[in-house]
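**Student:** Next comes upload04.cif, mmCIF, C-alpha atoms:
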data_protein
loop_
_atom_site.label_atom_id
_atom_site.label_comp_id
_atom_site.auth_asym_id
_atom_site.auth_seq_id
_atom_site.Cartn_x
_atom_site.Cartn_y
_atom_site.Cartn_z
CA MET K 20 44.80 50.29 -112.26
CA ARG K 21 44.69 53.72 -113.94
CA THR K 22 43.03 54.28 -117.29
CA GLN K 23 43.79 56.70 -120.06
CA HIS K 24 41.78 57.85 -123.06
CA TYR K 25 43.13 56.73 -126.36
CA GLY K 26 42.00 57.82 -129.83
CA ASP K 27 40.49 60.81 -131.56
CA PRO K 28 37.47 62.27 -129.72
CA LEU K 29 35.92 63.32 -133.07
CA ALA K 30 36.36 59.93 -134.74
CA SER K 31 33.34 57.69 -135.43
CA GLY K 32 30.82 60.49 -135.14
CA GLY K 33 32.05 61.75 -131.78
CA ARG K 34 31.65 58.47 -129.94
CA ARG K 35 33.31 58.22 -126.54
CA ARG K 36 37.03 57.47 -126.67
CA LYS K 37 38.17 54.01 -125.67
CA GLU K 38 39.76 53.80 -122.23
CA ILE K 39 43.12 52.02 -122.16
CA PRO K 40 44.12 50.55 -118.79
CA THR K 41 47.52 51.35 -117.34
CA VAL K 42 49.29 48.47 -115.59
CA VAL K 43 52.54 48.28 -113.66
CA GLY K 44 55.13 46.08 -115.37
CA GLU K 45 55.85 43.82 -112.43
CA SER K 46 58.04 40.75 -112.80
CA GLY K 47 56.04 37.78 -114.10
CA LEU K 48 53.32 39.83 -115.81
CA VAL K 49 52.45 38.16 -119.15
CA LEU K 50 52.31 40.57 -122.10
CA GLU K 51 51.93 40.27 -125.84
CA ASP K 52 53.50 42.57 -128.40
CA PRO K 53 50.72 43.24 -130.94
CA ALA K 54 53.12 44.04 -133.78
CA THR K 55 55.04 40.74 -133.67
CA GLY K 56 52.80 38.45 -131.68
CA PHE K 57 55.67 37.74 -129.26
CA CYS K 58 54.22 36.74 -125.88
CA GLY K 59 56.18 36.41 -122.68
CA ALA K 60 56.54 37.25 -118.98
CA VAL K 61 58.23 40.41 -117.79
CA THR K 62 61.69 39.67 -116.40
CA SER K 63 62.79 43.29 -115.94
CA ILE K 64 62.14 46.81 -117.13
CA GLY K 65 65.14 48.93 -118.00
CA LYS K 66 65.89 52.14 -119.84
CA ASP K 67 65.25 50.44 -123.21
CA GLY K 68 61.88 48.98 -122.25
CA ALA K 69 60.36 45.74 -120.98
CA VAL K 70 62.26 42.48 -121.28
CA LEU K 71 59.86 39.60 -122.06
CA GLU K 72 60.74 35.91 -121.89
CA ASP K 73 58.56 33.38 -123.74
CA ALA K 74 57.86 29.73 -122.90
CA LYS K 75 60.99 28.63 -124.81
CA GLY K 76 63.28 30.93 -122.82
CA ARG K 77 63.75 33.44 -125.63
CA ARG K 78 64.00 37.05 -124.55
CA ARG K 79 63.18 40.25 -126.41
CA VAL K 80 63.04 43.91 -125.44
CA PHE K 81 60.02 46.06 -126.29
CA PRO K 82 59.72 49.82 -125.72
CA LEU K 83 57.10 51.19 -123.35
CA ARG K 84 54.52 52.98 -125.47
CA PRO K 85 50.90 54.00 -124.89
CA ALA K 86 48.72 50.94 -125.60
CA GLY K 87 51.92 49.15 -126.54
CA PHE K 88 51.02 45.66 -125.22
CA LEU K 89 48.10 43.26 -125.02
CA ILE K 90 46.83 41.36 -122.00
CA ASP K 91 44.28 38.70 -122.89
CA GLY K 92 43.91 40.39 -126.26
CA GLN K 93 43.14 43.81 -124.81
CA PRO K 94 45.52 46.81 -125.22
CA VAL K 95 47.22 48.15 -122.11
CA THR K 96 49.81 50.79 -121.33
CA VAL K 97 52.67 49.35 -119.27
CA VAL K 98 54.59 51.62 -116.89
CA ARG K 99 57.71 51.05 -114.79
CA PRO K 100 57.24 49.97 -111.17
CA ALA K 101 57.85 52.67 -108.58
CA ALA K 102 61.45 52.73 -107.37
CA ALA K 103 61.96 50.90 -104.09
CA PRO K 104 62.89 53.20 -101.20
CA ALA K 105 66.62 53.34 -100.67
CA LYS K 106 67.83 51.21 -97.79
CA PRO K 107 69.75 53.05 -95.06
CA ALA K 108 73.50 52.71 -95.30
CA ARG K 109 74.96 50.33 -92.74
CA SER K 110 78.22 50.47 -90.86
CA SER K 111 80.57 47.49 -90.52
CA SER K 112 78.81 46.53 -87.27
CA GLY K 113 75.40 46.46 -88.98
CA SER K 114 74.15 49.67 -87.37
CA VAL K 115 72.64 52.51 -89.39
CA ARG K 116 75.49 54.68 -90.63
CA VAL K 117 75.26 58.34 -89.54
CA ALA K 118 75.83 60.54 -92.60
CA GLY K 119 78.33 63.37 -92.23
CA LEU K 120 79.47 62.05 -88.87
CA ARG K 121 81.65 64.26 -86.72
CA ALA K 122 83.22 62.30 -83.90
CA ARG K 123 81.59 63.04 -80.57
CA THR K 124 83.77 64.34 -77.76
CA ALA K 125 85.04 61.31 -75.87
CA ARG K 126 82.98 60.47 -72.84
CA GLY K 127 84.53 59.51 -69.53
CA GLY K 128 83.75 55.81 -69.91
CA ARG K 129 86.19 53.44 -71.57
CA ILE K 130 86.33 49.95 -73.06
CA TRP K 131 89.49 48.04 -72.26
CA VAL K 132 90.70 45.09 -74.33
CA GLU K 133 93.63 42.78 -73.74
CA GLY K 134 95.94 43.82 -76.57
CA ILE K 135 96.51 45.90 -79.66
CA HIS K 136 95.08 43.26 -82.01
CA ASP K 137 91.85 43.19 -79.99
CA ALA K 138 91.67 46.99 -80.17
CA ALA K 139 92.35 47.00 -83.92
CA LEU K 140 89.62 44.43 -84.61
CA VAL K 141 87.04 46.25 -82.47
CA GLU K 142 87.90 49.54 -84.20
CA GLN K 143 87.67 47.92 -87.63
CA VAL K 144 84.14 46.61 -87.06
CA TRP K 145 82.66 49.01 -84.49
CA GLY K 146 84.67 52.17 -85.20
CA HIS K 147 81.69 54.08 -86.60
CA ASP K 148 79.54 53.25 -83.56
CA LEU K 149 82.32 54.18 -81.17
CA ARG K 150 82.73 57.61 -82.76
CA VAL K 151 78.97 58.20 -82.71
CA GLU K 152 78.92 57.40 -78.99
CA GLY K 153 82.25 58.99 -78.10
CA VAL K 154 83.72 55.76 -76.69
CA VAL K 155 87.47 55.15 -76.58
CA VAL K 156 88.90 51.62 -76.74
CA GLU K 157 92.23 51.09 -75.00
CA PRO K 158 94.52 48.01 -74.94
CA LEU K 159 95.60 46.76 -71.52
CA HIS K 160 98.51 44.58 -72.70
CA GLY K 161 97.35 41.85 -70.35
CA ILE K 162 94.90 41.60 -67.46
CA ASP K 163 97.09 40.26 -64.67
CA ASP K 164 96.86 43.55 -62.75
CA LEU K 165 93.29 44.36 -63.77
CA ALA K 166 92.19 45.11 -60.19
CA GLY K 167 94.92 47.74 -59.77
CA ALA K 168 94.16 49.30 -63.15
CA VAL K 169 90.45 49.54 -62.31
CA ALA K 170 91.18 51.12 -58.93
CA GLU K 171 93.43 53.69 -60.61
CA PHE K 172 90.77 54.46 -63.25
CA GLY K 173 88.16 55.13 -60.55
CA PRO K 174 84.90 54.21 -62.32
CA THR K 175 81.73 56.15 -61.47
CA ALA K 176 78.20 56.40 -62.82
CA ASP K 177 79.43 58.96 -65.39
CA ARG K 178 82.70 57.15 -66.01
CA ARG K 179 81.83 53.54 -66.64
CA LEU K 180 84.35 50.90 -67.55
CA GLY K 181 83.87 47.84 -69.73
CA VAL K 182 86.52 45.13 -70.05
CA LEU K 183 86.68 42.61 -72.91
CA VAL K 184 88.44 39.40 -71.88
CA ASP K 185 89.68 36.50 -74.03
CA HIS K 186 89.20 32.83 -73.11
CA LEU K 187 86.29 33.39 -70.74
CA VAL K 188 85.45 29.73 -70.11
CA ALA K 189 85.04 27.65 -66.96
CA GLY K 190 88.24 26.94 -65.07
CA THR K 191 90.45 29.60 -66.66
CA LYS K 192 92.23 32.40 -64.82
CA GLU K 193 90.28 34.88 -66.92
CA THR K 194 86.97 33.51 -65.63
CA ARG K 195 88.19 33.57 -62.02
CA LEU K 196 89.45 37.13 -62.45
CA ALA K 197 86.15 38.27 -64.00
CA ALA K 198 84.22 36.74 -61.10
CA SER K 199 86.41 38.46 -58.52
CA MET K 200 86.05 41.81 -60.30
CA LYS K 201 82.27 41.45 -60.32
CA ASN K 202 82.26 41.24 -56.54
CA ALA K 203 84.90 43.91 -55.90
CA ALA K 204 84.58 46.60 -58.56
CA GLY K 205 80.98 47.65 -58.08
CA PRO K 206 78.15 48.42 -60.50
CA HIS K 207 80.14 50.76 -62.77
CA VAL K 208 82.45 48.04 -64.12
CA LEU K 209 81.47 45.23 -66.48
CA VAL K 210 83.89 42.42 -67.31
CA THR K 211 82.71 40.13 -70.09
CA GLY K 212 84.27 38.36 -73.02
CA HIS K 213 84.32 35.44 -75.42
CA PRO K 214 85.44 31.80 -75.18
CA TYR K 215 88.28 31.99 -77.72
CA VAL K 216 91.92 31.70 -76.69
CA ASP K 217 92.75 34.79 -78.74
CA VAL K 218 90.68 37.36 -80.59
CA TRP K 219 91.95 36.00 -83.93
CA GLN K 220 90.07 32.81 -83.17
CA ALA K 221 86.82 34.83 -83.07
CA VAL K 222 87.27 35.45 -86.80
CA ARG K 223 85.43 32.82 -88.83
CA PRO K 224 88.00 30.41 -90.34
CA SER K 225 86.56 30.73 -93.86
CA VAL K 226 87.29 34.47 -93.78
CA VAL K 227 91.03 33.77 -93.66
CA ARG K 228 90.65 30.79 -96.02
CA ILE K 229 91.32 27.97 -93.60
CA ARG K 230 89.10 25.05 -92.60
CA GLN K 231 89.60 25.59 -88.88
CA TRP K 232 91.94 27.24 -86.42
CA PRO K 233 94.77 24.87 -85.46
CA GLU K 234 95.02 23.40 -81.97
CA ILE K 235 98.03 24.91 -80.18
CA PRO K 236 99.62 23.05 -77.23
CA ARG K 237 99.56 24.64 -73.81
CA GLY K 238 102.68 26.60 -73.05
CA THR K 239 103.09 27.78 -76.64
CA ASP K 240 102.21 31.36 -77.47
CA TRP K 241 98.95 30.97 -79.38
CA LYS K 242 99.62 33.49 -82.14
CA THR K 243 103.15 32.14 -82.69
CA GLY K 244 101.84 28.59 -82.81
CA VAL K 245 99.10 29.49 -85.28
CA CYS K 246 101.49 31.31 -87.58
CA ASP K 247 103.88 28.35 -87.49
CA ALA K 248 101.12 25.83 -88.18
CA LEU K 249 99.66 27.86 -91.06
CA ARG K 250 103.03 29.06 -92.40
CA TRP K 251 102.00 32.68 -92.01
CA GLY K 252 105.38 33.91 -90.85
CA GLU K 253 105.64 36.03 -87.70
CA PRO K 254 102.63 37.11 -85.58
CA ALA K 255 102.85 40.58 -87.16
CA ASP K 256 102.36 38.93 -90.57
CA GLY K 257 99.44 36.95 -89.20
CA ALA K 258 97.85 40.09 -87.78
CA ARG K 259 97.96 41.78 -91.16
CA ARG K 260 96.40 38.72 -92.75
CA VAL K 261 93.59 38.40 -90.20
CA LEU K 262 92.72 42.08 -89.85
CA GLY K 263 92.98 42.58 -93.61
CA ALA K 264 90.42 39.84 -94.22
CA VAL K 265 87.71 41.12 -91.84
CA ARG K 266 85.17 43.41 -93.48
CA ASP K 267 82.22 43.54 -91.10
CA PHE K 268 80.45 41.82 -88.20
CA ARG K 269 79.43 38.88 -90.40
CA ASP K 270 83.08 37.79 -90.47
CA LEU K 271 83.10 37.30 -86.69
CA GLU K 272 81.77 34.61 -84.39
CA THR K 273 78.62 35.48 -82.44
CA PRO K 274 80.11 35.41 -78.89
CA LEU K 275 82.54 38.24 -79.72
CA ILE K 276 79.80 40.31 -81.37
CA THR K 277 77.55 39.84 -78.35
CA ALA K 278 80.28 40.78 -75.88
CA VAL K 279 81.33 43.97 -77.69
CA GLU K 280 77.74 45.14 -78.18
CA LYS K 281 77.07 44.53 -74.49
CA LEU K 282 80.09 46.60 -73.48
CA ILE K 283 79.18 49.51 -75.77
CA ASP K 284 75.66 49.55 -74.33
CA PHE K 285 77.04 49.41 -70.79
CA VAL K 286 79.50 52.29 -71.04
CA THR K 287 77.02 54.54 -72.89
CA THR K 288 74.18 54.07 -70.40
CA SER K 289 73.98 56.85 -67.86
#
If you convert what's in this file into structure tokens, what do you get?
**Tutor:**
Amino acid sequence: MRTQHYGDPLASGGRRRKEIPTVVGESGLVLEDPATGFCGAVTSIGKDGAVLEDAKGRRRVFPLRPAGFLIDGQPVTVVRPAAAPAKPARSSSGSVRVAGLRARTARGGRIWVEGIHDAALVEQVWGHDLRVEGVVVEPLHGIDDLAGAVAEFGPTADRRLGVLVDHLVAGTKETRLAASMKNAAGPHVLVTGHPYVDVWQAVRPSVVRIRQWPEIPRGTDWKTGVCDALRWGEPADGARRVLGAVRDFRDLETPLITAVEKLIDFVTTS
């Protein structure tokens, strides 16, 4: 606690000036205004002074002046707390945002996703990270011929390939395909994914203001079935609704976040 001299050095026959402590006006500090006798705890300090709240919940504002308050009957000078350091800006994925970003030249590696809605959602949340790393996301429009597409791409150590797959659960064709690719494609390809039937389902239901995603019978196109059940119109209308509601990674289920982060790390590791 700093001190300051207060008073006239020549007063009272040249006696030493009284030292007035300086205290930081932190929230909860109890102060008394000597002019009015109002006593209360600091709730905030703004441009107009300190806001005090007494035991009855009444609030008053008092300017910050030298020796302007009492603590336990003794005068003190109250000063504003030091400003908290600014937090770094965050991207939609939660990473630290790079100021003045200029997109890096695209690297040879790629991330493939099943369709245009998957690509749009990944771009919406991870777009900043992808531009920092120079990673391009491309839709496959289905994974039935994934083996042929991988062979044509020709992955290498400098040209890694990550594939994001929907509905990666036991017993599905996607899981069987991912397992076969793991054995055949070599170390420069990673196939991973999430358990949801469609990438829309990886969006938390509350984000699109529903209690839960509807169950769609087998054999019915999932997006069409969802739009019918929720009266959203056509799948294009549903896509606008879903993508328009997502703001950042907190709007997504954890398995999708984990899978995308894993793929970005994979394709950017030399």
**Student:** Which residue out of K:Ser46, K:Thr191, K:Thr211, K:Thr55 has the minimum interatomic distance to Leu71 (chain K) when all atoms listed in the file are used?
**Tutor:**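 For Leu71 (chain K), the nearest of the candidates is K:Ser46.
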**Student:** CA of Val97 (chain K) to CA of Arg77 (chain K): how many Å, to one decimal?
**Tutor:** 20.4 Å
**Student:** Translate the PyMOL selection byres ((chain K and resi 282) around 8), as applied to the file shown, into an explicit residue set as an mmCIF file with C-alpha atoms, in the frame of the given file.
**Tutor:**
data_model
loop_
_atom_site.group_PDB
_atom_site.id
_atom_site.type_symbol
_atom_site.label_atom_id
_atom_site.label_comp_id
_atom_site.auth_asym_id
_atom_site.auth_seq_id
_atom_site.Cartn_x
_atom_site.Cartn_y
_atom_site.Cartn_z
ATOM 1 C CA ILE K 130 86.330 49.950 -73.060
ATOM 2 C CA GLY K 181 83.870 47.840 -69.730
ATOM 3 C CA VAL K 182 86.520 45.130 -70.050
ATOM 4 C CA LEU K 183 86.680 42.610 -72.910
ATOM 5 C CA LEU K 209 81.470 45.230 -66.480
ATOM 6 C CA THR K 211 82.710 40.130 -70.090
ATOM 7 C CA ALA K 278 80.280 40.780 -75.880
ATOM 8 C CA VAL K 279 81.330 43.970 -77.690
ATOM 9 C CA GLU K 280 77.740 45.140 -78.180
ATOM 10 C CA LYS K 281 77.070 44.530 -74.490
ATOM 11 C CA ILE K 283 79.180 49.510 -75.770
ATOM 12 C CA ASP K 284 75.660 49.550 -74.330
ATOM 13 C CA PHE K 285 77.040 49.410 -70.790
ATOM 14 C CA VAL K 286 79.500 52.290 -71.040
#
**Student:** How would you write as a PyMOL selection string the residues that get within 7 Å of (96.4, 34.1, -65.3) in the file's frame, counting all atoms listed in the file?
**Tutor:** chain K and resi 163+192-193
**Student:** Find the residues around Val132 (chain K) up to 12 Å (all atoms listed in the file counted), leave out those fewer than 6 positions away in its own chain, and share them as a PyMOL selection string.
**Tutor:** chain K and resi 138-142+155-162+165+180-185+210-213+217-218+275+278-279+282
**Student:** Would you kindly return, as a list in words, each protein, DNA or RNA residue with an atom no farther than 7 Å from any atom of region 59-66 of chain K, considering all atoms listed in the file and excluding same-chain residues fewer than 3 positions away?
**Tutor:**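 Listed by chain and then number, they are Gly44, Glu45, Ser46, Gly47, Leu48, Val49, Leu50, Glu51, Ala69, Val70, Leu71, Glu72, Asp73, Ala74 and Arg99 of chain K.
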**Student:** Quick check, in Å to one decimal: how far apart do CA of Phe268 (chain K) and CA of Val115 (chain K) lie?
**Tutor:**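 Atom-to-atom, CA of Phe268 (chain K) to CA of Val115 (chain K), that is 13.3 Å.
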**Student:** Considering all atoms listed in the file, can you say which of K:Val216, K:Val117, K:Val208, K:Ile135 comes closest to Asp177 (chain K)?
**Tutor:**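 Of the candidates, the smallest distance to Asp177 (chain K) is held by K:Val208.
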**Student:** Suppose a student applies the PyMOL selection byres ((chain K and resi 199-207) around 6) to this structure; what residues should they get, written as a list in words?
**Tutor:**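 With the shown file as input, the PyMOL selection byres ((chain K and resi 199-207) around 6) matches Pro174, Thr175, Ala176, Arg179, Leu196, Ala197, Ala198 and Val208 of chain K.
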**Student:** Calculate how many Å separate CA of Thr96 (chain K) from CA of Ile39 (chain K), rounding to one decimal.
**Tutor:**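 Value for the CA of Thr96 (chain K)-CA of Ile39 (chain K) distance: 6.9 Å.
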**Student:** Taking all atoms listed in the file into account, name the residue in K:Val80, K:Val222, K:Ala103, K:Ala258 that is nearest to Thr273 (chain K).
**Tutor:**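 Residue with the minimum atom-to-atom distance to Thr273 (chain K): K:Val222.
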**Student:** Please determine, counting all atoms listed in the file, which residue among K:Ile235, K:Phe57, K:Tyr215, K:Lys37 has the shortest atom-to-atom distance to Asp137 (chain K).
**Tutor:**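 Nearest candidate to Asp137 (chain K) out of K:Ile235, K:Phe57, K:Tyr215, K:Lys37: K:Tyr215.
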**Student:** Restricting the calculation to all atoms listed in the file: of K:Pro40, K:His186, K:Thr243, K:Arg250, which residue gets closest to Gln93 (chain K)?
**Tutor:**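 Checking each candidate against Gln93 (chain K), we get K:Pro40 as the closest.
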